[in-house]
>>> print(open('target_0.cif').read())   # mmCIF, C-alpha atoms
data_structure
#
loop_
_atom_site.label_atom_id
_atom_site.label_comp_id
_atom_site.auth_asym_id
_atom_site.auth_seq_id
_atom_site.Cartn_x
_atom_site.Cartn_y
_atom_site.Cartn_z
CA MET Q 1 30.67 -51.51 -83.90
CA SER Q 2 31.84 -48.04 -84.53
CA PHE Q 3 28.22 -47.08 -84.74
CA ASN Q 4 27.58 -48.47 -81.33
CA LYS Q 5 30.51 -46.57 -79.92
CA SER Q 6 29.12 -43.43 -81.37
CA ARG Q 7 25.72 -44.03 -79.77
CA GLY Q 8 27.45 -44.78 -76.50
CA ALA Q 9 29.39 -41.58 -76.69
CA ALA Q 10 26.30 -39.62 -77.49
CA ALA Q 11 24.46 -41.21 -74.67
CA ALA Q 12 27.30 -40.43 -72.38
CA VAL Q 13 27.18 -36.82 -73.49
CA LEU Q 14 23.44 -36.67 -72.96
CA GLY Q 15 23.77 -38.27 -69.57
CA GLY Q 16 26.29 -35.70 -68.48
CA GLY Q 17 23.94 -32.87 -69.48
CA ASP Q 18 21.06 -34.24 -67.44
CA GLU Q 19 23.35 -34.50 -64.51
CA LEU Q 20 24.35 -30.88 -64.89
CA VAL Q 21 20.76 -29.82 -65.18
CA LEU Q 22 19.82 -31.89 -62.14
CA ARG Q 23 22.65 -30.38 -60.15
CA GLY Q 24 21.49 -26.87 -61.05
CA THR Q 25 17.96 -27.77 -60.04
CA ILE Q 26 19.02 -29.24 -56.72
CA SER Q 27 21.08 -26.19 -55.85
CA LYS Q 28 18.05 -23.90 -56.33
CA LYS Q 29 15.94 -26.08 -54.06
CA TRP Q 30 18.60 -26.16 -51.45
CA THR Q 31 18.95 -22.43 -51.70
CA PHE Q 32 15.23 -22.01 -51.05
CA LEU Q 33 15.32 -24.47 -48.17
CA LEU Q 34 18.37 -22.77 -46.76
CA CYS Q 35 16.62 -19.40 -46.87
CA LEU Q 36 13.49 -20.83 -45.29
CA GLY Q 37 15.54 -22.50 -42.59
CA SER Q 38 17.48 -19.31 -41.91
CA PHE Q 39 14.21 -17.41 -41.59
CA CYS Q 40 12.83 -19.96 -39.12
CA ILE Q 41 16.03 -19.95 -37.14
CA GLY Q 42 15.86 -16.16 -37.11
CA LEU Q 43 12.33 -16.26 -35.76
CA ILE Q 44 13.36 -18.70 -33.04
CA PHE Q 45 16.35 -16.54 -32.10
CA THR Q 46 14.25 -13.37 -32.06
CA ASN Q 47 11.59 -14.96 -29.81
CA ARG Q 48 14.22 -15.95 -27.31
CA MET Q 49 15.79 -12.50 -27.23
CA TRP Q 50 12.45 -10.54 -27.03
CA THR Q 51 9.90 -12.49 -25.09
CA MET Q 52 6.40 -10.96 -25.12
CA PRO Q 53 5.14 -10.18 -21.61
CA GLU Q 54 2.42 -12.38 -20.32
CA PRO Q 55 -1.08 -10.91 -19.79
CA LYS Q 56 -0.65 -11.04 -15.99
CA GLU Q 57 2.54 -9.01 -16.20
CA ILE Q 58 0.80 -6.50 -18.44
CA ILE Q 59 -2.07 -6.16 -15.94
CA ARG Q 60 0.38 -5.87 -13.05
CA ARG Q 61 2.44 -3.23 -14.81
CA SER Q 62 -0.63 -1.27 -15.87
CA ALA Q 63 -1.92 -1.38 -12.27
CA LEU Q 64 1.39 -0.06 -10.97
CA GLU Q 65 1.36 2.68 -13.55
CA VAL Q 66 -2.21 3.57 -12.59
CA ASN Q 67 -1.20 3.72 -8.92
CA LYS Q 68 1.72 5.93 -9.78
CA MET Q 69 -0.54 8.17 -11.82
CA ASN Q 70 -3.06 8.28 -8.96
CA LEU Q 71 -0.33 9.23 -6.51
CA VAL Q 72 0.91 11.96 -8.81
CA SER Q 73 -2.60 13.23 -9.55
CA GLY Q 74 -3.48 12.96 -5.84
CA ASP Q 75 -0.48 15.07 -4.91
CA CYS Q 76 -1.37 17.57 -7.60
CA ALA Q 77 -4.99 17.66 -6.47
CA GLN Q 78 -3.94 18.07 -2.85
CA LYS Q 79 -1.54 20.83 -3.80
CA SER Q 80 -4.27 22.42 -5.92
CA ILE Q 81 -6.74 22.28 -2.99
CA MET Q 82 -4.16 23.73 -0.62
CA GLU Q 83 -3.38 26.47 -3.12
CA GLN Q 84 -7.12 27.18 -3.51
CA LYS Q 85 -7.50 27.35 0.28
CA ASP Q 86 -4.54 29.68 0.49
CA ILE Q 87 -6.04 31.86 -2.22
CA ILE Q 88 -9.45 31.84 -0.54
CA GLY Q 89 -7.79 32.69 2.76
CA GLU Q 90 -5.98 35.59 1.16
CA VAL Q 91 -9.19 37.08 -0.29
CA PRO Q 92 -10.57 38.48 3.03
CA ARG Q 93 -7.16 39.85 3.99
CA THR Q 94 -6.85 41.47 0.59
CA GLN Q 95 -10.34 42.95 0.89
CA ASP Q 96 -9.54 44.25 4.38
CA ALA Q 97 -6.35 45.81 3.08
CA ILE Q 98 -8.21 47.43 0.18
CA GLN Q 99 -10.90 48.78 2.53
CA ALA Q 100 -8.27 50.12 4.92
CA LEU Q 101 -6.48 51.77 2.01
CA ASP Q 102 -9.76 53.25 0.75
CA LYS Q 103 -10.53 54.67 4.20
CA THR Q 104 -7.02 56.10 4.48
CA ILE Q 105 -7.32 57.74 1.09
CA SER Q 106 -10.80 59.01 1.97
CA ASN Q 107 -9.51 60.45 5.25
CA LEU Q 108 -6.61 62.16 3.49
CA GLU Q 109 -8.91 63.59 0.84
CA MET Q 110 -11.28 64.82 3.55
CA GLU Q 111 -8.47 66.42 5.53
CA LEU Q 112 -7.09 68.05 2.39
CA ALA Q 113 -10.50 69.39 1.43
CA SER Q 114 -11.09 70.55 5.00
CA ALA Q 115 -7.76 72.38 5.07
CA LYS Q 116 -8.55 73.97 1.74
CA ALA Q 117 -12.01 75.05 2.92
CA SER Q 118 -10.56 76.43 6.16
CA GLN Q 119 -7.91 78.32 4.21
CA GLU Q 120 -10.49 79.85 1.89
CA GLU Q 121 -12.70 80.78 4.85
CA SER Q 122 -9.74 82.35 6.64
CA GLU Q 123 -8.82 84.33 3.54
CA LEU Q 124 -12.39 85.58 3.29
CA ASN Q 125 -12.24 86.63 6.93
CA GLY Q 126 -8.92 88.40 6.36
CA ALA Q 127 -6.87 86.09 8.57
CA PRO Q 128 -3.26 85.45 7.44
CA LEU Q 129 -2.39 82.00 6.15
CA SER Q 130 0.18 81.34 8.89
CA GLU Q 131 -2.43 82.03 11.55
CA SER Q 132 -5.01 79.73 9.96
CA MET Q 133 -2.44 76.93 9.58
CA GLY Q 134 -1.33 77.25 13.20
CA LYS Q 135 -4.74 76.58 14.74
CA ARG Q 136 -4.89 74.79 18.04
CA ARG Q 137 -6.67 71.45 18.11
CA TYR Q 138 -9.71 71.40 20.41
CA PHE Q 139 -11.67 68.47 21.75
CA MET Q 140 -15.20 69.66 21.02
CA VAL Q 141 -17.18 72.72 20.01
CA ILE Q 142 -20.66 72.95 21.55
CA GLY Q 143 -23.05 75.23 19.70
CA ILE Q 144 -26.20 76.12 21.66
CA ASN Q 145 -28.96 76.90 19.19
CA THR Q 146 -30.88 79.99 20.36
CA ALA Q 147 -33.24 82.68 19.07
CA PHE Q 148 -33.70 86.42 19.55
CA SER Q 149 -36.59 85.86 21.96
CA SER Q 150 -34.72 83.34 24.17
CA ARG Q 151 -32.81 85.70 26.49
CA LYS Q 152 -34.23 84.05 29.64
CA ARG Q 153 -33.31 80.61 28.39
CA ARG Q 154 -29.77 81.73 27.75
CA ASP Q 155 -29.51 83.21 31.24
CA SER Q 156 -30.76 79.92 32.75
CA VAL Q 157 -28.05 78.03 30.87
CA ARG Q 158 -25.37 80.48 32.00
CA ALA Q 159 -26.52 80.07 35.59
CA THR Q 160 -26.32 76.26 35.51
CA TRP Q 161 -24.25 74.05 33.23
CA MET Q 162 -22.34 76.59 31.07
CA PRO Q 163 -19.22 77.99 32.81
CA GLN Q 164 -18.79 81.75 32.75
CA GLY Q 165 -15.91 84.20 32.62
CA ASP Q 166 -12.54 82.79 33.67
CA ARG Q 167 -14.00 79.30 34.12
CA ARG Q 168 -15.09 79.23 30.50
CA ARG Q 169 -11.68 80.40 29.32
CA LYS Q 170 -10.05 77.78 31.55
CA LEU Q 171 -12.34 75.16 30.02
CA GLU Q 172 -11.13 76.15 26.58
CA GLU Q 173 -7.44 76.22 27.49
CA GLU Q 174 -7.22 73.13 29.72
CA LYS Q 175 -9.92 70.86 28.32
CA GLY Q 176 -10.16 72.08 24.75
CA ILE Q 177 -13.93 72.64 25.02
CA ILE Q 178 -15.57 75.60 23.26
CA ILE Q 179 -19.17 76.61 24.17
CA ARG Q 180 -21.07 79.31 22.31
CA PHE Q 181 -24.66 80.42 21.75
CA VAL Q 182 -25.34 80.22 18.02
CA ILE Q 183 -27.49 82.82 16.28
CA GLY Q 184 -27.74 84.52 12.90
CA HIS Q 185 -29.18 87.92 12.14
CA SER Q 186 -32.68 89.30 11.62
CA ALA Q 187 -34.32 89.95 8.28
CA THR Q 188 -33.52 93.60 8.88
CA SER Q 189 -29.79 93.39 9.42
CA GLY Q 190 -28.59 95.85 12.04
CA GLY Q 191 -32.08 96.30 13.49
CA ILE Q 192 -33.13 96.32 17.12
CA LEU Q 193 -32.92 92.53 17.48
CA ASP Q 194 -29.37 92.41 16.20
CA ARG Q 195 -28.34 95.33 18.41
CA ALA Q 196 -29.75 93.54 21.46
CA ILE Q 197 -27.64 90.46 20.71
CA ASP Q 198 -24.58 92.65 20.15
CA ALA Q 199 -25.06 94.22 23.59
CA GLU Q 200 -25.51 90.79 25.22
CA ASP Q 201 -22.39 89.52 23.49
CA ARG Q 202 -20.35 92.46 24.74
CA LYS Q 203 -21.41 91.57 28.27
CA HIS Q 204 -20.81 87.80 28.16
CA GLY Q 205 -18.68 87.21 25.07
CA ASP Q 206 -20.30 83.82 24.45
CA PHE Q 207 -21.98 84.18 21.02
CA MET Q 208 -21.14 82.80 17.62
CA ARG Q 209 -22.79 84.85 14.90
CA LEU Q 210 -23.78 83.23 11.64
CA ASP Q 211 -24.32 84.64 8.19
CA HIS Q 212 -27.89 83.39 8.31
CA VAL Q 213 -31.38 84.89 8.52
CA GLU Q 214 -33.17 83.57 11.62
CA GLY Q 215 -36.49 81.74 11.23
CA TYR Q 216 -38.05 78.52 12.52
CA LEU Q 217 -38.46 77.16 9.02
CA GLU Q 218 -34.77 77.75 8.35
CA LEU Q 219 -33.34 75.49 11.08
CA ALA Q 220 -31.79 73.09 8.57
CA ALA Q 221 -29.95 75.97 6.90
CA LYS Q 222 -28.88 77.29 10.30
CA THR Q 223 -27.53 73.89 11.32
CA LYS Q 224 -25.53 73.69 8.12
CA SER Q 225 -24.20 77.22 8.63
CA PHE Q 226 -23.20 76.38 12.22
CA PHE Q 227 -21.05 73.41 11.20
CA VAL Q 228 -19.43 75.33 8.35
CA THR Q 229 -18.67 78.36 10.53
CA ALA Q 230 -17.51 76.37 13.55
CA LEU Q 231 -15.16 74.31 11.37
CA SER Q 232 -13.59 77.47 9.97
CA MET Q 233 -13.12 78.98 13.44
CA TRP Q 234 -11.94 75.99 15.49
CA ASP Q 235 -10.13 72.80 14.57
CA ALA Q 236 -11.90 70.27 16.81
CA GLU Q 237 -12.47 66.55 17.00
CA TYR Q 238 -16.23 66.92 17.50
CA TYR Q 239 -18.90 69.50 16.74
CA ILE Q 240 -22.08 69.39 18.84
CA LYS Q 241 -25.41 71.09 18.32
CA VAL Q 242 -27.74 71.40 21.34
CA ASP Q 243 -30.92 73.38 21.94
CA ASP Q 244 -31.03 76.11 24.60
CA ASP Q 245 -33.78 74.30 26.55
CA VAL Q 246 -31.71 71.14 27.17
CA HIS Q 247 -29.63 70.44 30.27
CA VAL Q 248 -26.11 69.15 29.56
CA ASN Q 249 -23.50 67.51 31.77
CA ILE Q 250 -20.30 68.46 29.95
CA ALA Q 251 -17.98 65.90 31.58
CA THR Q 252 -20.35 63.02 30.84
CA LEU Q 253 -20.75 64.23 27.26
CA GLY Q 254 -16.97 64.39 26.89
CA ASN Q 255 -16.56 60.85 28.26
CA ILE Q 256 -19.07 59.54 25.72
CA LEU Q 257 -17.36 61.24 22.80
CA GLY Q 258 -13.90 60.24 24.00
CA LYS Q 259 -14.74 56.56 23.54
CA HIS Q 260 -15.29 57.06 19.81
CA ARG Q 261 -12.14 58.95 18.91
CA SER Q 262 -10.87 56.12 16.71
CA LYS Q 263 -13.91 56.43 14.43
CA PRO Q 264 -13.26 59.05 11.74
CA ARG Q 265 -16.90 59.47 10.68
CA ALA Q 266 -18.99 59.26 13.83
CA TYR Q 267 -22.59 60.47 14.06
CA ILE Q 268 -23.61 60.33 17.72
CA GLY Q 269 -26.99 60.91 19.32
CA CYS Q 270 -30.27 59.26 20.26
CA MET Q 271 -31.25 57.56 17.02
CA LYS Q 272 -34.91 57.46 16.11
CA SER Q 273 -37.17 56.79 13.13
CA GLY Q 274 -40.39 58.76 13.44
CA PRO Q 275 -43.34 58.84 11.04
CA VAL Q 276 -43.30 61.01 7.95
CA LEU Q 277 -46.20 63.42 8.52
CA ALA Q 278 -47.91 64.17 5.22
CA GLN Q 279 -50.93 65.96 6.66
CA LYS Q 280 -50.74 69.72 6.34
CA GLY Q 281 -51.15 71.91 9.39
CA VAL Q 282 -49.65 69.46 11.90
CA ARG Q 283 -46.37 70.03 13.72
CA TYR Q 284 -43.33 68.60 11.92
CA HIS Q 285 -45.26 68.38 8.64
CA GLU Q 286 -43.05 67.10 5.82
CA PRO Q 287 -43.92 68.79 2.50
CA GLU Q 288 -41.70 66.32 0.62
CA TYR Q 289 -43.34 63.28 2.20
CA TRP Q 290 -43.67 61.60 -1.20
CA LYS Q 291 -39.90 61.12 -1.36
CA PHE Q 292 -40.06 58.71 1.57
CA GLY Q 293 -42.30 56.14 -0.10
CA GLU Q 294 -45.89 55.23 0.62
CA TRP Q 295 -48.21 57.11 2.97
CA GLY Q 296 -47.47 56.22 6.60
CA ASN Q 297 -43.82 55.35 6.09
CA LYS Q 298 -41.12 56.27 8.60
CA TYR Q 299 -37.96 58.29 8.24
CA PHE Q 300 -34.55 56.63 8.02
CA ARG Q 301 -32.58 56.45 11.28
CA HIS Q 302 -31.31 59.83 12.44
CA ALA Q 303 -30.35 61.52 15.70
CA THR Q 304 -33.04 63.44 17.55
CA GLY Q 305 -32.60 67.18 17.21
CA GLN Q 306 -32.19 68.17 20.87
CA LEU Q 307 -28.51 67.16 20.88
CA TYR Q 308 -26.22 65.40 18.45
CA ALA Q 309 -22.50 65.30 17.73
CA ILE Q 310 -20.52 64.71 14.55
CA SER Q 311 -16.82 64.14 14.03
CA LYS Q 312 -14.59 66.55 12.13
CA ASP Q 313 -14.66 64.54 8.91
CA LEU Q 314 -18.45 64.85 8.73
CA ALA Q 315 -18.32 68.56 9.51
CA SER Q 316 -15.77 68.89 6.68
CA TYR Q 317 -18.09 66.97 4.36
CA ILE Q 318 -20.91 69.40 5.13
CA SER Q 319 -18.62 72.37 4.61
CA ILE Q 320 -17.32 71.11 1.26
CA ASN Q 321 -20.77 70.16 -0.08
CA GLN Q 322 -22.87 72.84 1.61
CA HIS Q 323 -24.24 74.22 -1.66
CA VAL Q 324 -25.66 70.90 -2.87
CA LEU Q 325 -27.01 69.41 0.39
CA HIS Q 326 -30.79 69.28 0.31
CA LYS Q 327 -32.74 70.71 3.25
CA TYR Q 328 -35.94 69.05 4.45
CA ALA Q 329 -38.49 70.71 6.73
CA ASN Q 330 -36.93 69.26 9.88
CA GLU Q 331 -33.27 69.95 10.63
CA ASP Q 332 -32.57 66.61 12.32
CA VAL Q 333 -33.98 64.75 9.30
CA SER Q 334 -31.88 66.95 7.00
CA LEU Q 335 -28.69 66.12 8.88
CA GLY Q 336 -29.45 62.40 8.73
CA ALA Q 337 -30.19 62.68 5.01
CA TRP Q 338 -26.82 64.30 4.35
CA PHE Q 339 -25.07 61.20 5.67
CA ILE Q 340 -27.12 58.64 3.74
CA GLY Q 341 -24.83 56.76 1.37
CA LEU Q 342 -21.67 57.71 3.28
CA ASP Q 343 -19.51 55.36 5.30
CA VAL Q 344 -20.80 56.82 8.58
CA GLU Q 345 -21.07 55.04 11.91
CA HIS Q 346 -24.38 55.81 13.62
CA ILE Q 347 -23.88 55.64 17.39
CA ASP Q 348 -27.02 55.45 19.50
CA ASP Q 349 -26.44 56.45 23.14
CA ARG Q 350 -29.53 56.88 25.30
CA ARG Q 351 -27.64 58.96 27.87
CA LEU Q 352 -28.00 61.80 25.37
CA CYS Q 353 -31.80 61.89 25.71
CA CYS Q 354 -32.76 61.26 29.33
CA GLY Q 355 -35.96 62.64 30.74
CA THR Q 356 -35.97 65.26 33.47
CA GLN Q 357 -36.59 64.31 37.10
CA PRO Q 358 -37.31 61.74 38.28
CA ASP Q 359 -35.71 59.89 35.31
CA CYS Q 360 -32.36 61.70 35.25
CA GLU Q 361 -32.38 61.95 39.07
CA TRP Q 362 -32.72 58.20 39.58
CA LYS Q 363 -30.01 57.51 37.01
CA ALA Q 364 -27.68 60.04 38.67
CA GLN Q 365 -28.24 58.40 42.07
CA ALA Q 366 -27.45 55.03 40.51
CA GLY Q 367 -24.15 56.39 39.17
CA ASN Q 368 -25.34 56.47 35.55
CA VAL Q 369 -25.28 60.22 35.04
CA CYS Q 370 -27.07 61.50 31.93
CA ALA Q 371 -25.29 63.66 29.40
CA ALA Q 372 -28.47 65.49 28.32
CA SER Q 373 -31.92 65.77 29.86
CA PHE Q 374 -35.20 67.19 28.53
CA ASP Q 375 -38.93 66.48 28.33
CA TRP Q 376 -40.01 64.60 25.21
CA SER Q 377 -43.47 66.15 25.42
CA CYS Q 378 -41.97 69.64 24.94
CA SER Q 379 -38.99 68.60 22.77
CA GLY Q 380 -36.93 70.26 25.49
CA ILE Q 381 -37.32 71.08 29.16
CA CYS Q 382 -40.84 72.39 29.61
CA LYS Q 383 -40.64 76.02 30.80
CA SER Q 384 -36.88 75.67 30.81
CA ALA Q 385 -36.20 79.28 31.86
CA ASP Q 386 -37.92 78.50 35.17
CA ARG Q 387 -36.97 74.82 35.61
CA MET Q 388 -33.37 74.60 34.35
CA LYS Q 389 -31.93 75.35 37.81
CA GLU Q 390 -34.02 72.60 39.44
CA VAL Q 391 -33.02 70.07 36.79
CA HIS Q 392 -29.39 71.03 37.29
CA GLN Q 393 -29.62 70.56 41.06
CA ARG Q 394 -31.20 67.11 40.78
CA CYS Q 395 -29.55 65.73 37.66
CA GLY Q 396 -26.33 67.71 37.29
CA GLU Q 397 -22.92 66.18 37.77
CA ASN Q 398 -20.52 67.30 40.48
CA ASP Q 399 -19.08 70.80 40.03
CA ASN Q 400 -15.56 69.37 39.86
CA ALA Q 401 -16.45 66.60 37.42
CA ILE Q 402 -15.39 68.56 34.38
CA TRP Q 403 -12.05 69.56 35.91
CA ASN Q 404 -11.25 66.01 36.99
CA ALA Q 405 -12.32 64.44 33.70
CA LYS Q 406 -9.73 63.00 31.32
CA PHE Q 407 -11.03 62.57 27.80
#
>>> encode(input="target_0.cif", output="structure tokens")
Amino acid sequence: MSFNKSRGAAAAVLGGGDELVLRGTISKKWTFLLCLGSFCIGLIFTNRMWTMPEPKEIIRRSALEVNKMNLVSGDCAQKSIMEQKDIIGEVPRTQDAIQALDKTISNLEMELASAKASQEESELNGAPLSESMGKRRYFMVIGINTAFSSRKRRDSVRATWMPQGDRRRKLEEEKGIIIRFVIGHSATSGGILDRAIDAEDRKHGDFMRLDHVEGYLELAAKTKSFFVTALSMWDAEYYIKVDDDVHVNIATLGNILGKHRSKPRAYIGCMKSGPVLAQKGVRYHEPEYWKFGEWGNKYFRHATGQLYAISKDLASYISINQHVLHKYANEDVSLGAWFIGLDVEHIDDRRLCCGTQPDCEWKAQAGNVCAASFDWSCSGICKSADRMKEVHQRCGENDNAIWNAKF
């Protein structure tokens, strides 16, 4: 009996241990389940708080963002195009401003060089600096190219279109127009030819003497010397070279030049482009024909030699660079060559190369008076010493035209 009690007690003890073990096992399971449940509940709670956008909403939002980006990029592109247009529009104005500045600087440099050259020339001539700086400004200086043998031509000019005595001085004082016959000296300086010119000058006082040896083949050098000397003697707006067998209407010439006063580098005349004559022995033969290209080529545009005018800036350019300017056989070609590569305005005016009567007469009757008249066949008025008076009567302007003119 006692043994049975003992077995019962032992069984009871064993039973209690299984129960404890079972309870420990159950608590671990419940702990796992509790964790799993908490995790699932957490997932459910998180899904409710942060709902994923539907595909439609994503597409709609992305489309809106694209539109916004397009608007922004469109505005930027439009602004960029406008800025580019503004920049492109500024380019011509900037270029114009640069060109205007370059011309201003060029004009100032030319004036400075001209003043320096005039000062040096005045010092060489013994004139005081104050006198050279206080020069009067003239409108134009007309140099009539002449030779020792052309006394009759000079007298025909004096008797027609060139004022004499007090009228010439009045022309200088009131109109600012200087007119002189231009001549150098003979190979034998102080010889009979030079003394004859000296005597003629004492009588009329209308010569400008050059430091130059006369000769037909030296016309280019004479032309250069004329511009250099005239610039040193008179401060003028224009310098004109004309041959002594050409008829000139001074008022008409002044009106033509007056229209171009705003152009600092004006080269005015009847522009032509004749053939380069390579054949020896012909008139106007060009020994340096090979410089103008192939056989039969033409010269570049230049003013015909009977009459042409240049502005002060160009006369200054010749004066400054006189020692390096190349001389061709023909003086009008040489002058045109000196201006190649410069910013020069070539002005072609056919009133500076009219024919003699009836051409200039018809034009005068029609109110289109010529500034210069001559015969192309003679490169001047044929037998001008005998015909100048007739040309003047038929083609000349009114005697009061020059005094009534306002340039």
>>> closest_residue(input="target_0.cif", among="Q:His285, Q:His302, Q:His346, Q:Lys406", to="Tyr267 of chain Q", atoms="only C-alpha atoms")
Q:His346
>>> closest_atom_pairs(input="target_0.cif", of="segment 265-318 of chain Q", to="segment 243-261 of chain Q", cutoff="8 Å", atoms="all atoms listed in the file", output="tab-separated table")
residue	atom	partner	partner_atom	distance
Q:Ala266	CA	Q:His260	CA	7.4
Q:Gly305	CA	Q:Asp243	CA	8.0
Q:Gln306	CA	Q:Asp243	CA	5.5
Q:Leu307	CA	Q:Asp243	CA	6.8
>>> resolve_selection(input="target_0.cif", expression="the PyMOL selection byres ((chain Q and resi 291-294) around 12)", output="number ranges by chain")
Q: 274-278, 286-290, 295-300, 328, 333, 337
>>> closest_residue(input="target_0.cif", among="Q:Ile98, Q:Ile178, Q:Arg394, Q:Asp206", to="Gly165 of chain Q", atoms="only C-alpha atoms")
Q:Asp206
>>> residues_around(input="target_0.cif", residues="Pro264 of chain Q", least_positions_apart="5", cutoff="9 Å", atoms="only C-alpha atoms", output="list of chain:residue names")
Q:Asn107, Q:Ser311, Q:Lys312, Q:Asp313, Q:Leu314, Q:Val344, Q:Glu345
>>> atom_distance(input="target_0.cif", atom1="atom CA of Gly269 of chain Q", atom2="atom CA of Asp349 of chain Q")
5.9 Å
>>> resolve_selection(input="target_0.cif", expression="the PyMOL selection byres ((chain Q and resi 235) around 7)", output="PyMOL selection string")
chain Q and resi 135-138+231+233-234+236
>>> atom_distance(input="target_0.cif", atom1="atom CA of Asp155 of chain Q", atom2="atom CA of Ser373 of chain Q")
17.7 Å
>>> atom_distance(input="target_0.cif", atom1="atom CA of Gln393 of chain Q", atom2="atom CA of Pro358 of chain Q")
12.0 Å
>>> resolve_selection(input="target_0.cif", expression="the PyMOL selection byres ((chain Q and resi 270) around 7)", output="PyMOL selection string")
chain Q and resi 269+271-272+303-304+348-350+352-353
>>> residues_around(input="target_0.cif", residues="Ile318 of chain Q", least_positions_apart="5", cutoff="8 Å", atoms="all atoms listed in the file", output="ChimeraX atom specification")
/Q:224,227-228,325,338
>>> closest_residue(input="target_0.cif", among="Q:Lys383, Q:Cys378, Q:Ala366, Q:Asp96", to="Cys395 of chain Q", atoms="only C-alpha atoms")
Q:Ala366
>>> residues_around(input="target_0.cif", residues="Phe181 of chain Q", least_positions_apart="6", cutoff="9 Å", atoms="all atoms listed in the file", output="ChimeraX atom specification")
/Q:142-146,154,206-209,244
>>> residues_near_point(input="target_0.cif", point="(-14.5, 80.2, 26.9)", cutoff="10 Å", atoms="only C-alpha atoms", output="NGL selection string")
:Q and (162-173 or 176-180 or 204-206)
>>> write_last_selection(input="target_0.cif", atoms="C-alpha atoms", output="compact mmCIF listing (two decimals), in the coordinates of the input")
# COMPACT_ATOMS: atom_id res chain seq x y z
CA MET Q 162 -22.34 76.59 31.07
CA PRO Q 163 -19.22 77.99 32.81
CA GLN Q 164 -18.79 81.75 32.75
CA GLY Q 165 -15.91 84.20 32.62
CA ASP Q 166 -12.54 82.79 33.67
CA ARG Q 167 -14.00 79.30 34.12
CA ARG Q 168 -15.09 79.23 30.50
CA ARG Q 169 -11.68 80.40 29.32
CA LYS Q 170 -10.05 77.78 31.55
CA LEU Q 171 -12.34 75.16 30.02
CA GLU Q 172 -11.13 76.15 26.58
CA GLU Q 173 -7.44 76.22 27.49
CA GLY Q 176 -10.16 72.08 24.75
CA ILE Q 177 -13.93 72.64 25.02
CA ILE Q 178 -15.57 75.60 23.26
CA ILE Q 179 -19.17 76.61 24.17
CA ARG Q 180 -21.07 79.31 22.31
CA HIS Q 204 -20.81 87.80 28.16
CA GLY Q 205 -18.68 87.21 25.07
CA ASP Q 206 -20.30 83.82 24.45
